[in-house]
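See structure below.
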Amino acid sequence: MPNRRLIIVVCCIGVALVWMIGKMGLMNFGLQQSGTGFSIGGHSVVITYGYYGNGDELAFAIIQTWPIGTPEQQMRADKRVDMNSGATPLIRSTDGRYIPVDTSGTVYMFFGDELRTMSVAMDEHTDTVGLRHKKDLEGVWSHFKQFERTKD
């Protein structure tokens, strides 16, 4: 009988520990990625997010845009971003070289071949809400601008 109680107590403690670790976000180590796509102001927009933990810290955002009607095959063959380069994507910089994304909160947005970047402090799950409701591409850029890190 005493062994049965001990087993029950140990099991309850184990379940409580697993629950607490999950609540603290300790089960999601490392960089993770997600994405979304939508149409806005005559453009198709695809955003790839890199984030840490449960989305509490945005590592990077890559915003690719094309005129509506661009064939999916052409969008997939886009040379501005290399998504198959390894753990993190490569971005074609303004000088034509591919560089790894900066995972310290950098936003990369392509307006055609023009690349804009900024450093932000935001999360992936709530601070990105509302992007698809902007009227145009400048509105998407402005949304990220409100989270821009100030240079000290």
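Convention: chains lettered A, B, ... in structure tokens order; per-chain residue numbering from 1; ligands numbered from 1 as shown.
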Can you pull out every residue within 8 Å of Gln33 (chain A), counting only C-alpha atoms, but drop anything in the same chain fewer than 3 positions away, and send it as an mmCIF file with C-alpha atoms, in the first residue's frame?
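What follows is the written file result11.cif:
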```cif
data_model
loop_
_atom_site.group_PDB
_atom_site.id
_atom_site.type_symbol
_atom_site.label_atom_id
_atom_site.label_comp_id
_atom_site.auth_asym_id
_atom_site.auth_seq_id
_atom_site.Cartn_x
_atom_site.Cartn_y
_atom_site.Cartn_z
ATOM 1 C CA THR A 48 8.237 34.604 -43.271
ATOM 2 C CA TYR A 49 8.830 35.005 -39.542
ATOM 3 C CA GLY A 50 11.692 33.646 -37.489
ATOM 4 C CA TYR A 51 11.133 33.661 -33.753
#
```
Discussion item. From a backbone DSSP assignment, name each residue in region 22-88 of chain A labelled strand (DSSP E or B), as a ChimeraX atom specification.
Written reply: /A:31-40,43-52,57-67,81-82
Would you mind exporting C-alpha atoms of the selected residues as a tab-separated table (two decimals), in the first residue's frame?
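What ended up in out_19.tsv:
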```tsv
chain	number	residue	atom	x	y	z
A	31	LEU	CA	14.87	29.42	-33.79
A	32	GLN	CA	11.50	28.51	-35.27
A	33	GLN	CA	9.79	29.75	-38.42
A	34	SER	CA	6.24	30.47	-39.53
A	35	GLY	CA	4.64	32.47	-42.28
A	36	THR	CA	1.53	34.06	-43.71
A	37	GLY	CA	0.33	35.36	-47.03
A	38	PHE	CA	-2.34	37.83	-48.13
A	39	SER	CA	-3.27	40.35	-50.83
A	40	ILE	CA	-3.12	44.09	-50.22
A	43	HIS	CA	0.03	43.08	-54.37
A	44	SER	CA	0.48	39.55	-53.10
A	45	VAL	CA	2.43	39.55	-49.84
A	46	VAL	CA	4.25	36.62	-48.24
A	47	ILE	CA	5.83	37.10	-44.81
A	48	THR	CA	8.24	34.60	-43.27
A	49	TYR	CA	8.83	35.01	-39.54
A	50	GLY	CA	11.69	33.65	-37.49
A	51	TYR	CA	11.13	33.66	-33.75
A	52	TYR	CA	12.39	32.30	-30.45
A	57	GLU	CA	10.74	37.34	-29.51
A	58	LEU	CA	10.79	38.05	-33.23
A	59	ALA	CA	14.16	37.06	-34.71
A	60	PHE	CA	13.43	38.24	-38.26
A	61	ALA	CA	10.67	38.99	-40.74
A	62	ILE	CA	11.08	38.69	-44.50
A	63	ILE	CA	8.35	40.43	-46.50
A	64	GLN	CA	8.24	39.53	-50.19
A	65	THR	CA	5.79	41.27	-52.51
A	66	TRP	CA	4.64	40.72	-56.10
A	67	PRO	CA	1.97	42.32	-58.27
A	81	VAL	CA	15.50	35.22	-50.92
A	82	ASP	CA	17.07	31.78	-50.61
```
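Near region 84-86 of chain A, within 12 Å and counting only C-alpha atoms, sit Arg76, Ala77, Asp78, Tyr98, Ile99, Pro100 and Val101 of chain A; same-chain residues fewer than 6 positions away were not included.
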Discussion item. Set the distance at 10 Å and use only C-alpha atoms: which residues neighbour Asp127 (chain A) once local chain neighbours fewer than 3 positions away are removed? I'd like the list as an NGL selection string.
Written reply: :A and (56 or 58 or 121-124 or 130-131 or 143-144 or 146-147)
Selection export as a PDB file, in the first residue's frame, atoms kept: C-alpha atoms:
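Output below, filename result11.pdb:
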```
ATOM      1  CA  ASP A  56       7.728  35.981 -27.612  1.00  0.00           C
ATOM      2  CA  LEU A  58      10.789  38.049 -33.227  1.00  0.00           C
ATOM      3  CA  ALA A 121      11.724  44.759 -30.783  1.00  0.00           C
ATOM      4  CA  MET A 122       8.478  42.823 -31.085  1.00  0.00           C
ATOM      5  CA  ASP A 123       6.908  39.418 -30.691  1.00  0.00           C
ATOM      6  CA  GLU A 124       5.643  37.144 -33.436  1.00  0.00           C
ATOM      7  CA  GLY A 130      -3.468  43.506 -38.222  1.00  0.00           C
ATOM      8  CA  LEU A 131      -0.927  43.433 -41.038  1.00  0.00           C
ATOM      9  CA  HIS A 143       3.185  48.707 -38.960  1.00  0.00           C
ATOM     10  CA  PHE A 144       6.694  47.363 -38.334  1.00  0.00           C
ATOM     11  CA  GLN A 146       6.113  51.381 -34.732  1.00  0.00           C
ATOM     12  CA  PHE A 147       8.299  48.652 -33.160  1.00  0.00           C
TER      13      PHE A 147
END
```
Item to complete: Return the single residue from A:Ser142, A:Thr128, A:Thr94, A:Asn3 that is closest to Gly112 (chain A), with distances computed using only C-alpha atoms.
Response: A:Thr94
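Minimum atom-to-atom distance to Arg97 (chain A), evaluated using only C-alpha atoms, belongs to A:Arg80 out of A:Arg116, A:Arg80, A:Arg5, A:Lys134.
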